[in-house]
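Remarks on the structure that follows.
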Amino acid sequence: MSCQRLLLIGPPGAGKGTQAAKLSEHYGIPAISTGDIFRKNVSEQTELGKQAKVFLDSGEYVPDSLTNALVRDRLAQPDAAGGFLLDGYPRTVDQVAELDRMLSAADTRLDAVVLITADREQIVARLLRRAAEQGRSDDTEDVITHRIQVYEAQTAPLIELYGKRDLLVTVDGIGEVDAVSQRIFAALDGAACAA
């Protein structure tokens with residue numbers, strides 16, 4: 001079995017976006033990032049973007065109702081029919097249940113869930129550096145700290161959930177980008193996607 005339906009999880013700043021691009025290219029599947037979609041809508045000042053901006057600027061998650069609808073629509077697009085890589089969704093146990101319903105309706109399932117781990121201090125430093133380089137309003141030190149706390153409270157339980165489903169592949173996200181990518185490819189090729 002090849003890796004065609006993947007999910008990336010990990011704390012903010014662990015390198016999910018960077019690795020999503022590498023995995024997308026390696027496996028020939030679209031990377032679907034809810035964060036990128038929200039930021040695009042914010043910059044274009046769409047109705048969704050205006051609603052999402054309030055939550056993004058405070059470090060809160062965008063409500064499930066908005067997020068679920070956006071992901072459902074994106075997974076229904078033709079380029080995702082043969083596979084996809086989700087980055088930033090699901091973030092909560094309720095969103096996992098909604099994703100399960102979406103995949104079941106399409107008669108498919110996830111092949112693997114990649115957990116990228118990183119030390120908290122390194123995450124904060126990475127995100128502050130990114131904020132300076134990209135001018136992102138959602139990357140202040142207070143917002144970063146809050147996002148990490150929200151992640152630990154709401155998203156960390158997904159690690160146990162997907163672990164129980166034998167889908168979880170854990171990879172250290174610290175180091176050179178290509179080295180981390182190679183660790184992910186090796187872990188996927190040797191574990192969940194080889195079954």
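For the structure tokens, the naming scheme is as follows: chains receive sequential letters (A, B, ...) according to their order of presentation, residues are indexed from 1 within each chain, and ligands are indexed from 1 in presentation order.
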
Just want the 12 Å neighbourhood of Gly190 in chain A, counted on only C-alpha atoms, with same-chain residues fewer than 5 positions away dropped. Output as an mmCIF file with C-alpha atoms, in the first residue's frame.
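New file part_12.cif:
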data_model
loop_
_atom_site.group_PDB
_atom_site.id
_atom_site.type_symbol
_atom_site.label_atom_id
_atom_site.label_comp_id
_atom_site.auth_asym_id
_atom_site.auth_seq_id
_atom_site.Cartn_x
_atom_site.Cartn_y
_atom_site.Cartn_z
ATOM 1 C CA MET A 1 0.000 0.000 0.000
ATOM 2 C CA SER A 2 1.327 3.441 -0.817
ATOM 3 C CA CYS A 3 0.826 6.601 1.208
ATOM 4 C CA ALA A 112 -1.102 7.207 8.089
ATOM 5 C CA VAL A 169 4.116 7.567 12.831
ATOM 6 C CA GLN A 182 14.016 11.715 4.880
ATOM 7 C CA ARG A 183 13.051 10.606 8.406
ATOM 8 C CA ILE A 184 9.361 10.972 7.474
ATOM 9 C CA PHE A 185 9.731 9.048 4.182
ATOM 10 C CA ALA A 195 1.206 -2.700 5.637
#

Near range 86-103 of chain A, within 7 Å and counting only C-alpha atoms, which residues show up once chain neighbours fewer than 5 positions away are dropped, as a PyMOL selection string?
-> chain A and resi 6-9+16+20+31-35+64+72+108-109+154-155+158

From a DSSP calculation on the backbone, collect every residue of range 30-145 of chain A in strand (DSSP E or B) and output the set as a PyMOL selection string.
-> chain A and resi 31-33+84-87+112-117

With C-alpha atoms retained, could you export that selection as a PDB file, in the first residue's frame?
ATOM      1  CA  ALA A  31      -1.290  19.332   0.397  1.00  0.00           C
ATOM      2  CA  ILE A  32      -4.418  20.753   1.985  1.00  0.00           C
ATOM      3  CA  SER A  33      -3.616  23.304   4.692  1.00  0.00           C
ATOM      4  CA  PHE A  84      -4.319  14.092  -0.176  1.00  0.00           C
ATOM      5  CA  LEU A  85      -2.248  15.367   2.703  1.00  0.00           C
ATOM      6  CA  LEU A  86      -4.125  17.221   5.451  1.00  0.00           C
ATOM      7  CA  ASP A  87      -2.177  19.829   7.412  1.00  0.00           C
ATOM      8  CA  ALA A 112      -1.102   7.207   8.089  1.00  0.00           C
ATOM      9  CA  VAL A 113      -0.879  10.071  10.568  1.00  0.00           C
ATOM     10  CA  VAL A 114       2.543  11.715  10.852  1.00  0.00           C
ATOM     11  CA  LEU A 115       3.263  13.354  14.203  1.00  0.00           C
ATOM     12  CA  ILE A 116       6.094  15.880  13.937  1.00  0.00           C
ATOM     13  CA  THR A 117       7.555  16.596  17.367  1.00  0.00           C
TER      14      THR A 117
END

One decimal, Å: what's the distance from CA of Glu60 in chain A over to CA of Pro11 in chain A, could you say?
->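 According to the coordinates, CA of Glu60 in chain A and CA of Pro11 in chain A are separated by 13.8 Å.
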
Go through A:Gln122, A:Thr140, A:Thr170, A:Asn68 one by one, measure the shortest atom-to-atom distance of each to Gly13 in chain A using only C-alpha atoms, and give the residue with the smallest value.
->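 Closest candidate: A:Gln122.
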
Which residue gives the smallest distance to Val62 in chain A among A:Ala106, A:Ile29, A:Val150, A:Ala21, with only C-alpha atoms counted?
-> A:Val150

Near Val143 in chain A, within 10 Å and counting only C-alpha atoms, which residues show up once chain neighbours fewer than 2 positions away are dropped, as number ranges by chain?
-> A: 56-60, 137-141, 145-149

Rounded to one decimal place, report the CA of Lys50 in chain A-CA of Ser65 in chain A distance in Å.
->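 So the two atoms, CA of Lys50 in chain A and CA of Ser65 in chain A, lie 15.0 Å apart.
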
Atom pair CA of Arg136 in chain A / CA of Gln51 in chain A: separation (Å) =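 So the answer is 17.5 Å.
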